[in-house]
$ cat start32.txt   # compact mmCIF, C-alpha atoms
# COMPACT_ATOMS: atom_id res chain seq x y z
CA MET F 1 0.00 0.00 0.00
CA LEU F 2 2.87 2.36 0.78
CA ARG F 3 4.30 1.69 -2.68
CA GLN F 4 0.94 2.67 -4.22
CA ALA F 5 0.89 5.92 -2.23
CA THR F 6 4.32 7.03 -3.40
CA ARG F 7 3.45 6.19 -7.00
CA LEU F 8 0.25 8.24 -6.78
CA LEU F 9 2.13 11.14 -5.21
CA SER F 10 4.86 11.23 -7.82
CA ARG F 11 2.60 10.89 -10.87
CA PRO F 12 0.76 14.26 -10.79
CA LEU F 13 4.05 16.12 -10.16
CA PHE F 14 5.60 14.51 -13.18
CA SER F 15 2.65 15.21 -15.47
CA ASN F 16 2.54 18.87 -14.30
CA ARG F 17 6.18 19.36 -15.18
CA SER F 18 5.76 17.90 -18.64
CA CYS F 19 2.66 20.07 -19.27
CA VAL F 20 4.31 23.36 -18.28
CA ARG F 21 5.78 25.09 -21.31
CA ALA F 22 8.12 28.03 -21.04
CA PHE F 23 6.83 31.37 -22.30
CA ALA F 24 8.29 32.42 -25.62
CA THR F 25 9.87 35.40 -23.90
CA ASP F 26 11.66 33.40 -21.20
CA VAL F 27 15.37 34.04 -21.41
CA PRO F 28 18.04 32.14 -19.45
CA ALA F 29 19.95 35.08 -17.93
CA THR F 30 18.51 38.58 -18.03
CA PRO F 31 20.74 41.54 -17.27
CA SER F 32 19.48 43.86 -14.53
CA PRO F 33 17.25 46.66 -15.82
CA ASP F 34 18.60 50.18 -15.99
CA THR F 35 18.63 50.87 -12.23
CA ALA F 36 19.39 54.58 -12.55
CA PHE F 37 16.38 55.04 -14.81
CA VAL F 38 14.08 53.02 -12.50
CA GLU F 39 15.09 55.12 -9.49
CA SER F 40 14.67 58.46 -11.21
CA TRP F 41 11.28 57.30 -12.58
CA LYS F 42 10.10 56.32 -9.10
CA LYS F 43 11.03 59.78 -7.79
CA VAL F 44 9.04 61.70 -10.39
CA ILE F 45 6.16 59.28 -10.96
CA PRO F 46 5.60 57.18 -7.83
CA ASN F 47 2.20 55.77 -8.76
CA ILE F 48 2.99 53.99 -12.02
CA GLU F 49 5.27 50.97 -12.38
CA PRO F 50 8.34 51.87 -14.44
CA PRO F 51 7.94 50.49 -17.98
CA LYS F 52 10.26 47.82 -19.30
CA THR F 53 12.89 48.29 -21.95
CA PRO F 54 13.88 45.81 -24.65
CA SER F 55 17.16 45.07 -22.87
CA SER F 56 15.28 43.41 -20.02
CA PHE F 57 13.95 40.83 -22.51
CA MET F 58 17.21 40.09 -24.27
CA SER F 59 20.04 37.89 -23.11
CA GLN F 60 23.50 39.28 -22.57
CA ARG F 61 25.87 38.92 -25.54
CA PRO F 62 28.54 36.30 -24.66
CA PRO F 63 31.95 37.96 -24.37
CA ALA F 64 34.68 37.44 -26.96
CA PRO F 65 36.58 34.22 -26.21
CA SER F 66 40.33 34.48 -25.79
CA THR F 67 41.14 32.04 -28.61
CA ILE F 68 39.56 32.31 -32.04
CA PRO F 69 36.70 29.79 -32.30
CA THR F 70 36.67 27.32 -35.19
CA LYS F 71 33.20 28.16 -36.41
CA ILE F 72 31.28 31.35 -36.88
CA THR F 73 27.70 31.58 -35.56
CA VAL F 74 25.30 33.05 -38.08
CA ASN F 75 21.91 34.63 -37.36
CA PHE F 76 20.20 35.44 -40.64
CA VAL F 77 16.84 37.15 -40.14
CA LEU F 78 14.09 38.69 -42.25
CA PRO F 79 11.27 40.87 -40.93
CA TYR F 80 8.80 38.00 -41.13
CA ALA F 81 10.98 34.96 -40.48
CA SER F 82 14.26 33.79 -39.06
CA GLU F 83 16.11 31.92 -41.80
CA LEU F 84 19.15 30.81 -39.83
CA ALA F 85 19.25 31.04 -36.05
CA SER F 86 22.59 30.49 -34.29
CA LYS F 87 23.87 28.19 -36.98
CA GLU F 88 27.55 27.24 -36.73
CA VAL F 89 29.25 27.48 -40.11
CA ASP F 90 32.76 27.80 -41.50
CA MET F 91 32.37 30.93 -43.60
CA VAL F 92 29.77 33.38 -44.94
CA ILE F 93 30.19 35.62 -47.95
CA ILE F 94 28.03 38.71 -47.70
CA PRO F 95 27.29 41.23 -50.50
CA ALA F 96 28.44 44.50 -48.91
CA THR F 97 28.26 47.77 -50.82
CA THR F 98 32.04 47.59 -51.20
CA GLY F 99 31.84 44.12 -52.77
CA GLN F 100 31.63 40.50 -51.68
CA MET F 101 33.01 40.22 -48.18
CA GLY F 102 34.10 36.90 -46.73
CA VAL F 103 33.63 36.49 -42.99
CA LEU F 104 35.64 33.85 -41.15
CA PRO F 105 35.77 33.14 -37.41
CA GLY F 106 37.82 35.80 -35.68
CA HIS F 107 36.84 38.55 -38.13
CA VAL F 108 37.32 42.10 -36.88
CA PRO F 109 34.03 43.65 -35.57
CA THR F 110 32.30 45.26 -38.55
CA ILE F 111 29.12 47.02 -39.51
CA ALA F 112 28.43 46.64 -43.23
CA GLU F 113 25.61 47.96 -45.36
CA LEU F 114 24.43 45.39 -47.92
CA LYS F 115 23.51 45.81 -51.58
CA PRO F 116 21.31 43.39 -53.58
CA GLY F 117 23.34 40.24 -54.13
CA ILE F 118 24.08 36.72 -53.07
CA LEU F 119 24.71 35.58 -49.54
CA SER F 120 26.50 32.23 -49.47
CA VAL F 121 26.81 30.14 -46.35
CA HIS F 122 29.66 27.60 -46.41
CA GLU F 123 29.59 24.63 -44.09
CA GLY F 124 32.06 21.86 -44.85
CA ASN F 125 31.31 21.05 -48.46
CA ASP F 126 27.74 22.44 -48.54
CA VAL F 127 27.12 25.89 -49.89
CA THR F 128 23.66 27.45 -49.46
CA LYS F 129 23.01 30.56 -51.52
CA TYR F 130 20.35 33.20 -50.88
CA PHE F 131 19.61 36.30 -52.91
CA LEU F 132 18.97 39.22 -50.60
CA SER F 133 17.56 42.62 -51.44
CA SER F 134 19.48 44.77 -48.96
CA GLY F 135 20.01 45.25 -45.27
CA PHE F 136 22.80 45.36 -42.74
CA ALA F 137 25.33 42.90 -41.45
CA PHE F 138 27.06 43.01 -38.08
CA VAL F 139 30.09 40.93 -37.17
CA HIS F 140 30.79 40.94 -33.45
CA ALA F 141 33.99 40.33 -31.59
CA ASN F 142 32.84 36.91 -30.37
CA SER F 143 32.53 35.52 -33.94
CA VAL F 144 28.79 35.98 -34.21
CA ALA F 145 27.46 37.39 -37.47
CA ASP F 146 24.00 38.99 -37.54
CA ILE F 147 22.66 39.51 -41.04
CA ILE F 148 19.41 41.44 -41.29
CA ALA F 149 17.85 41.54 -44.75
CA VAL F 150 14.63 43.11 -45.91
CA GLU F 151 13.85 40.26 -48.35
CA ALA F 152 15.71 37.08 -49.20
CA VAL F 153 15.00 34.01 -51.31
CA PRO F 154 17.01 30.86 -51.98
CA ILE F 155 18.47 31.01 -55.50
CA ALA F 156 16.42 28.02 -56.62
CA HIS F 157 13.19 29.98 -56.22
CA ILE F 158 14.07 32.66 -58.77
CA ASP F 159 12.49 32.49 -62.24
CA PRO F 160 15.05 33.51 -64.95
CA SER F 161 12.46 34.57 -67.55
CA LEU F 162 10.80 36.99 -65.10
CA VAL F 163 14.22 38.42 -64.25
CA GLN F 164 14.94 39.15 -67.93
CA LYS F 165 11.54 40.71 -68.41
CA GLY F 166 11.95 42.90 -65.31
CA LEU F 167 15.43 44.01 -66.40
CA ALA F 168 14.16 45.02 -69.85
CA GLU F 169 11.19 46.84 -68.35
CA PHE F 170 13.28 48.85 -65.86
CA THR F 171 15.98 49.70 -68.43
CA GLN F 172 13.24 51.08 -70.63
CA LYS F 173 11.76 53.02 -67.71
CA LEU F 174 15.17 54.46 -66.88
CA SER F 175 15.68 55.80 -70.40
CA SER F 176 12.19 57.35 -70.45
CA ALA F 177 12.26 58.75 -66.91
CA SER F 178 11.82 62.49 -66.56
CA THR F 179 11.85 63.41 -62.85
CA ASP F 180 14.64 62.60 -60.39
CA LEU F 181 12.30 60.38 -58.38
CA GLU F 182 11.36 58.29 -61.42
CA LYS F 183 15.02 58.03 -62.42
CA ALA F 184 15.97 56.87 -58.90
CA GLU F 185 13.20 54.25 -58.83
CA ALA F 186 14.10 52.96 -62.29
CA GLN F 187 17.78 52.86 -61.32
CA ILE F 188 16.98 50.77 -58.24
CA GLY F 189 14.95 48.38 -60.41
CA VAL F 190 17.82 48.05 -62.88
CA ASP F 191 20.35 47.45 -60.07
CA VAL F 192 18.30 44.72 -58.41
CA HIS F 193 17.47 42.95 -61.66
CA SER F 194 21.05 42.99 -62.93
CA ALA F 195 22.19 41.64 -59.56
CA LEU F 196 19.55 38.90 -59.87
CA ASN F 197 20.78 38.17 -63.39
CA SER F 198 24.39 37.82 -62.33
CA ALA F 199 23.26 35.76 -59.33
CA LEU F 200 21.54 33.28 -61.60
CA SER F 201 24.42 33.01 -64.04
CA GLY F 202 27.35 33.28 -61.62
CA MET D 1 18.59 51.22 -26.44
CA ARG D 2 19.16 53.47 -23.51
CA LEU D 3 16.36 55.21 -21.63
CA GLY D 4 18.77 57.01 -19.40
CA VAL D 5 20.35 58.98 -22.23
CA ASP D 6 19.76 62.68 -21.75
CA VAL D 7 18.56 64.49 -24.86
CA LYS D 8 16.93 67.80 -25.63
CA LYS D 9 14.28 66.83 -28.15
CA ASN D 10 12.25 63.77 -27.26
CA VAL D 11 9.56 62.47 -29.55
CA ILE D 12 7.22 59.91 -28.01
CA VAL D 13 5.64 57.50 -30.51
CA THR D 14 2.53 56.02 -28.86
CA ILE D 15 1.14 52.87 -30.43
CA SER D 16 -2.49 51.95 -29.84
CA SER D 17 -5.35 50.22 -31.57
CA ASP D 18 -8.10 51.59 -33.79
CA LYS D 19 -10.89 49.36 -32.52
CA GLY D 20 -12.16 49.31 -28.97
CA LEU D 21 -13.36 46.59 -26.61
CA CYS D 22 -9.78 45.55 -25.88
CA GLY D 23 -9.59 46.17 -22.13
CA GLY D 24 -7.14 48.66 -20.65
CA ILE D 25 -4.10 48.45 -22.92
CA ASN D 26 -4.68 51.72 -24.76
CA SER D 27 -5.20 53.60 -21.50
CA THR D 28 -1.98 52.07 -20.20
CA SER D 29 -0.05 53.25 -23.25
CA VAL D 30 -1.43 56.77 -22.94
CA LYS D 31 -0.72 56.83 -19.19
CA ILE D 32 2.90 55.78 -19.74
CA SER D 33 3.33 58.34 -22.57
CA LYS D 34 2.08 61.16 -20.37
CA ALA D 35 4.27 59.96 -17.50
CA LEU D 36 7.26 59.90 -19.84
CA HIS D 37 6.46 63.46 -20.88
CA LYS D 38 6.48 64.48 -17.23
CA PHE D 39 9.62 62.45 -16.58
CA SER D 40 11.64 64.22 -19.27
CA GLY D 41 11.22 67.43 -17.34
CA PRO D 42 9.92 70.90 -18.14
CA ASP D 43 13.06 72.24 -19.83
CA LYS D 44 13.23 69.54 -22.50
CA GLU D 45 11.08 69.60 -25.58
CA THR D 46 8.77 66.58 -25.79
CA LYS D 47 6.34 65.97 -28.64
CA TYR D 48 4.02 63.09 -29.62
CA VAL D 49 3.43 61.01 -32.70
CA VAL D 50 0.27 58.98 -32.23
CA LEU D 51 -0.56 55.74 -34.06
CA GLY D 52 -4.13 54.54 -33.67
CA GLU D 53 -7.50 56.13 -33.05
CA LYS D 54 -7.90 55.22 -29.39
CA ALA D 55 -4.78 56.99 -28.15
CA LYS D 56 -5.52 59.98 -30.38
CA ALA D 57 -8.95 60.39 -28.77
CA GLN D 58 -7.43 60.36 -25.29
CA MET D 59 -4.45 62.59 -25.99
CA VAL D 60 -6.20 65.24 -28.04
CA ARG D 61 -8.10 66.21 -24.89
CA ASP D 62 -5.15 67.72 -23.02
CA SER D 63 -1.99 67.51 -25.15
CA LYS D 64 -3.33 68.71 -28.50
CA LYS D 65 -0.57 71.22 -29.12
CA ASP D 66 2.17 68.65 -28.56
CA ILE D 67 0.93 66.14 -31.13
CA LEU D 68 2.96 66.34 -34.32
CA LEU D 69 1.49 63.53 -36.38
CA THR D 70 -1.40 61.07 -36.08
CA ILE D 71 -1.79 57.91 -38.09
CA ALA D 72 -4.97 55.83 -38.21
CA GLU D 73 -6.19 52.63 -39.89
CA LEU D 74 -2.86 50.92 -39.53
CA GLN D 75 -4.36 47.44 -39.51
CA LYS D 76 -6.65 47.80 -42.51
CA ASN D 77 -4.38 45.39 -44.38
CA PRO D 78 -2.46 42.72 -42.48
CA LEU D 79 0.69 44.20 -40.96
CA ASN D 80 3.81 43.87 -43.07
CA TYR D 81 7.26 45.38 -43.06
CA THR D 82 6.79 47.37 -46.28
CA GLN D 83 3.90 49.37 -44.85
CA VAL D 84 5.75 50.06 -41.60
CA SER D 85 8.93 51.09 -43.39
CA VAL D 86 6.96 53.63 -45.46
CA LEU D 87 5.43 54.92 -42.22
CA ALA D 88 8.86 55.13 -40.58
CA ASP D 89 10.13 57.05 -43.61
CA ASP D 90 7.24 59.50 -43.25
CA ILE D 91 7.93 60.05 -39.56
CA LEU D 92 11.65 60.53 -40.12
CA LYS D 93 11.02 63.10 -42.86
CA ASN D 94 8.54 65.21 -40.92
CA VAL D 95 9.79 64.99 -37.36
CA GLU D 96 12.91 66.50 -35.86
CA PHE D 97 14.21 64.50 -32.95
CA ASP D 98 17.21 63.68 -30.81
CA ALA D 99 15.61 60.54 -29.44
CA LEU D 100 12.50 58.62 -30.39
CA ARG D 101 10.73 56.78 -27.56
CA ILE D 102 8.33 54.14 -28.83
CA VAL D 103 5.69 53.20 -26.23
CA PHE D 104 3.86 49.93 -26.77
CA ASN D 105 2.54 46.84 -24.92
CA LYS D 106 4.79 43.84 -25.19
CA PHE D 107 3.01 40.50 -25.36
CA HIS D 108 4.02 38.36 -22.41
CA SER D 109 1.05 35.98 -22.30
CA VAL D 110 -2.62 36.05 -23.22
CA VAL D 111 -3.50 37.72 -19.92
CA SER D 112 -0.34 39.72 -19.26
CA PHE D 113 1.04 42.67 -21.26
CA LEU D 114 4.09 44.65 -20.23
CA PRO D 115 4.27 48.33 -21.16
CA THR D 116 7.65 48.80 -22.81
CA ILE D 117 9.63 51.73 -24.15
CA SER D 118 12.07 51.27 -27.05
CA THR D 119 14.53 54.06 -27.73
CA VAL D 120 16.04 54.99 -31.08
CA LEU D 121 18.65 57.73 -31.01
CA SER D 122 19.44 60.11 -33.84
CA PRO D 123 22.87 59.62 -35.49
CA GLU D 124 24.34 62.76 -33.91
CA ILE D 125 23.44 61.60 -30.42
CA VAL D 126 24.82 58.14 -31.21
CA GLU D 127 28.15 59.73 -32.17
CA ARG D 128 28.15 61.79 -29.01
CA GLU D 129 27.39 58.82 -26.77
CA ALA D 130 29.87 56.55 -28.55
CA GLU D 131 32.67 59.04 -28.09
CA SER D 132 31.87 59.74 -24.46
CA GLY D 133 31.98 56.04 -23.61
CA GLY D 134 29.39 54.54 -21.32
CA LYS D 135 26.78 52.21 -22.71
CA LEU D 136 27.40 52.90 -26.39
CA GLY D 137 31.18 53.03 -26.06
CA GLU D 138 31.64 49.73 -27.85
CA LEU D 139 30.23 51.15 -31.07
CA ASP D 140 33.55 52.76 -31.86
CA SER D 141 35.33 49.41 -31.90
CA TYR D 142 33.30 48.35 -34.96
CA GLU D 143 34.82 48.97 -38.39
CA VAL D 144 32.32 50.45 -40.77
CA GLU D 145 32.48 49.10 -44.31
CA GLY D 146 31.66 51.17 -47.31
CA GLY D 147 30.29 54.63 -47.83
CA GLU D 148 32.25 57.83 -47.86
CA THR D 149 32.13 58.47 -44.15
CA LYS D 150 31.15 56.54 -41.07
CA ALA D 151 28.38 59.06 -40.44
CA GLU D 152 26.61 58.16 -43.68
CA ILE D 153 26.41 54.49 -42.78
CA LEU D 154 25.34 55.30 -39.22
CA GLN D 155 22.55 57.49 -40.60
CA ASN D 156 21.30 54.63 -42.77
CA LEU D 157 21.65 52.24 -39.88
CA SER D 158 19.69 54.51 -37.56
CA GLU D 159 16.84 54.74 -40.07
CA PHE D 160 16.86 50.99 -40.63
CA GLN D 161 16.88 50.42 -36.89
CA PHE D 162 13.91 52.72 -36.43
CA SER D 163 11.85 50.90 -39.05
CA CYS D 164 12.72 47.50 -37.57
CA VAL D 165 12.01 48.59 -34.01
CA LEU D 166 8.73 50.19 -35.09
CA PHE D 167 7.74 46.99 -36.89
CA ASN D 168 8.46 44.95 -33.77
CA ALA D 169 6.51 47.40 -31.60
CA VAL D 170 3.51 47.43 -33.93
CA LEU D 171 3.41 43.62 -34.09
CA GLU D 172 3.73 43.21 -30.32
CA ASN D 173 1.02 45.79 -29.73
CA ALA D 174 -1.30 44.08 -32.22
CA CYS D 175 -0.72 40.75 -30.45
CA SER D 176 -1.38 42.34 -27.05
CA GLU D 177 -4.53 43.94 -28.42
CA GLN D 178 -5.88 40.58 -29.59
CA GLY D 179 -5.03 38.95 -26.27
CA ALA D 180 -6.57 41.78 -24.26
CA ARG D 181 -9.70 41.73 -26.38
CA MET D 182 -10.00 37.98 -25.91
CA SER D 183 -9.78 38.19 -22.13
CA ALA D 184 -12.01 41.29 -21.93
CA MET D 185 -14.69 39.67 -24.09
CA ASP D 186 -14.38 36.42 -22.17
CA SER D 187 -14.98 38.11 -18.82
CA SER D 188 -17.82 40.23 -20.18
CA SER D 189 -19.48 37.12 -21.64
CA ARG D 190 -19.17 35.43 -18.27
CA ASN D 191 -20.66 38.45 -16.48
CA ALA D 192 -23.52 38.61 -18.96
CA GLY D 193 -24.16 34.87 -18.43
CA ASP D 194 -24.27 35.33 -14.65
CA MET D 195 -26.67 38.24 -14.95
CA LEU D 196 -28.87 36.20 -17.27
CA ASP D 197 -29.06 33.36 -14.75
CA ARG D 198 -29.96 35.70 -11.89
CA LEU D 199 -32.62 37.49 -13.91
CA THR D 200 -34.13 34.19 -15.09
CA LEU D 201 -34.56 33.09 -11.48
CA THR D 202 -36.11 36.42 -10.52
CA TYR D 203 -38.44 36.21 -13.53
CA ASN D 204 -39.63 32.70 -12.64
CA ARG D 205 -40.16 33.65 -9.02
CA THR D 206 -42.19 36.71 -9.95
CA ARG D 207 -44.26 34.75 -12.47
CA GLN D 208 -45.02 32.04 -9.92
CA ALA D 209 -45.86 34.64 -7.29
CA SER D 210 -48.38 36.38 -9.60
CA ILE D 211 -50.00 33.02 -10.51
CA THR D 212 -50.27 32.16 -6.81
CA THR D 213 -51.85 35.55 -6.09
CA GLU D 214 -54.46 34.99 -8.81
CA LEU D 215 -55.28 31.56 -7.49
CA ILE D 216 -55.66 32.88 -3.94
CA GLU D 217 -58.00 35.62 -5.16
CA ILE D 218 -60.16 33.14 -7.09
CA ILE D 219 -60.31 30.63 -4.24
CA SER D 220 -61.05 33.22 -1.56
CA GLY D 221 -63.73 34.69 -3.85
CA ALA D 222 -65.26 31.22 -4.34
CA SER D 223 -65.17 30.38 -0.63
CA ALA D 224 -66.77 33.79 0.19
CA LEU D 225 -69.71 32.89 -2.12
CA GLU D 226 -70.23 29.48 -0.47
CA GLY D 227 -69.94 30.49 3.13
$ encode --input "start32.txt" --output "structure tokens"
Amino acid sequence: MLRQATRLLSRPLFSNRSCVRAFATDVPATPSPDTAFVESWKKVIPNIEPPKTPSSFMSQRPPAPSTIPTKITVNFVLPYASELASKEVDMVIIPATTGQMGVLPGHVPTIAELKPGILSVHEGNDVTKYFLSSGFAFVHANSVADIIAVEAVPIAHIDPSLVQKGLAEFTQKLSSASTDLEKAEAQIGVDVHSALNSALSG
Amino acid sequence: MRLGVDVKKNVIVTISSDKGLCGGINSTSVKISKALHKFSGPDKETKYVVLGEKAKAQMVRDSKKDILLTIAELQKNPLNYTQVSVLADDILKNVEFDALRIVFNKFHSVVSFLPTISTVLSPEIVEREAESGGKLGELDSYEVEGGETKAEILQNLSEFQFSCVLFNAVLENACSEQGARMSAMDSSSRNAGDMLDRLTLTYNRTRQASITTELIEIISGASALEG
């Protein structure tokens, strides 16, 4: 009978633990909120709880290790999806405005603005290529690369005939553009389509 | 970024919903915005940009002269980054600021929403803070690729950051609005159900009482005739 009792006691505890799911916003180690701000808020506005800031929801960036790590961690995000999240790879080549930039582990911290072009992710012998429209890339001292793009597609999803048609259309628009705004828009169209073209062929 | 950074021109972007019946989240946002205005102090210039009808209605009452821009019908089409980036562009063109404080409700769970403030600093202030060290001091250690000057890239980055942060804030607020509406409607349905039960009992009791009264009248009338 005692054996039955202990079994009955342990069962609900176990099922509770397996049912509880962490909130999506649970983070392992949160840094302390801005204490100076909280105190000065409480002095001026004692009745309302001080509001939170985004830093109280984020986890602290891990510090730069003393030896260069063997792999670089890539976070590749779009506004509506996260393509690669903390993926360990050997190298990424990003299309910066100054040209294709290769990023290896131990790269100097950089902020780079991106132009339309191909992002290639190299892991061992696999290479995954994405065409991205534009955005920013950050390389941090601890060999983490954050690439934020406005739009990105894998190369396989691009239709070559539509690219040719778009290029012809925008080149025609550029030659017939009258105002500066129209010229700028047509130029952007031509740039993106020619980048797409070279992405498909190269 | 940093709420503690001291700037002269603050612009508070308050995000709220267009439709009502969503509980207290819009009032919370407006309360926090007004508190932030008070917090910045009387000698600093603080203006508002209001997104959403509900906050506009509440703020126009006493802070009408401080409102620079109001935007309504944000959720007519499903929220996407393109729409928000155009909106961010609009705000950046028409508003002069040293720091933008975006006030919104962050979705924590279906019944809990945390008022949050996101800060976006203008490129000049970023330069100033990076040089003076402190929280943004690490920015200087980053090499900036491309462009003529570092300032040009930082300007683009600041605009990109604003559009991304605004997109995040708008999405979180929309989520919180749906959650708040769900719990508000749930509790009001439950209250209405309770009231219905109580009234049904009262109705039945009253109906039975009136039938009993009629019967008593008839029977006493009949017995008066006999006796």
$ closest_atom_pairs --input "start32.txt" --of "chain F" --to "chain D" --cutoff "7 Å" --atoms "only C-alpha atoms" --output "tab-separated table"
residue	atom	partner	partner_atom	distance
F:Thr25	CA	D:His108	CA	6.7
F:Phe37	CA	D:Gly4	CA	5.5
F:Trp41	CA	D:Phe39	CA	6.7
F:Val44	CA	D:Phe39	CA	6.3
F:Ile45	CA	D:Ala35	CA	6.8
F:Pro51	CA	D:Thr116	CA	5.1
F:Lys52	CA	D:Thr116	CA	4.5
F:Thr53	CA	D:Ile117	CA	5.2
F:Pro54	CA	D:Ser118	CA	6.2
F:Pro79	CA	D:Tyr81	CA	6.4
F:Thr97	CA	D:Gly146	CA	6.0
F:Thr98	CA	D:Gly146	CA	5.3
F:Pro109	CA	D:Tyr142	CA	4.8
F:Thr110	CA	D:Glu143	CA	4.5
F:Ile111	CA	D:Val144	CA	4.9
F:Ala112	CA	D:Glu145	CA	4.9
$ residues_around --input "start32.txt" --residues "His157 (chain F)" --least-positions-apart "2" --cutoff "12 Å" --atoms "all atoms listed in the file" --output "list in words"
Lys129, Tyr130, Phe131, Ala152, Val153, Pro154, Ile155, Asp159, Pro160, Leu162, Val163, Leu196 and Leu200 of chain F
$ write_last_selection --input "start32.txt" --atoms "C-alpha atoms" --output "PDB file, in the frame of the given file"
ATOM      1  CA  LYS F 129      23.010  30.560 -51.520  1.00  0.00           C
ATOM      2  CA  TYR F 130      20.350  33.200 -50.880  1.00  0.00           C
ATOM      3  CA  PHE F 131      19.610  36.300 -52.910  1.00  0.00           C
ATOM      4  CA  ALA F 152      15.710  37.080 -49.200  1.00  0.00           C
ATOM      5  CA  VAL F 153      15.000  34.010 -51.310  1.00  0.00           C
ATOM      6  CA  PRO F 154      17.010  30.860 -51.980  1.00  0.00           C
ATOM      7  CA  ILE F 155      18.470  31.010 -55.500  1.00  0.00           C
ATOM      8  CA  ASP F 159      12.490  32.490 -62.240  1.00  0.00           C
ATOM      9  CA  PRO F 160      15.050  33.510 -64.950  1.00  0.00           C
ATOM     10  CA  LEU F 162      10.800  36.990 -65.100  1.00  0.00           C
ATOM     11  CA  VAL F 163      14.220  38.420 -64.250  1.00  0.00           C
ATOM     12  CA  LEU F 196      19.550  38.900 -59.870  1.00  0.00           C
ATOM     13  CA  LEU F 200      21.540  33.280 -61.600  1.00  0.00           C
TER      14      LEU F 200
END
$ atom_distance --input "start32.txt" --atom1 "CA of Gly135 (chain F)" --atom2 "CA of Glu151 (chain F)"
8.5 Å
$ closest_residue --input "start32.txt" --among "F:Met101, F:Glu123, F:Ala168, F:Pro50" --to "Ser33 (chain D)" --atoms "only C-alpha atoms"
F:Pro50
$ atom_distance --input "start32.txt" --atom1 "CA of Ala149 (chain F)" --atom2 "CA of Leu78 (chain F)"
5.3 Å
$ atom_distance --input "start32.txt" --atom1 "CA of Glu96 (chain D)" --atom2 "CA of Ser122 (chain D)"
9.4 Å
$ closest_residue --input "start32.txt" --among "F:Val139, F:Ala36, F:Ala177, F:Val144" --to "Pro65 (chain F)" --atoms "all atoms listed in the file"
F:Val144
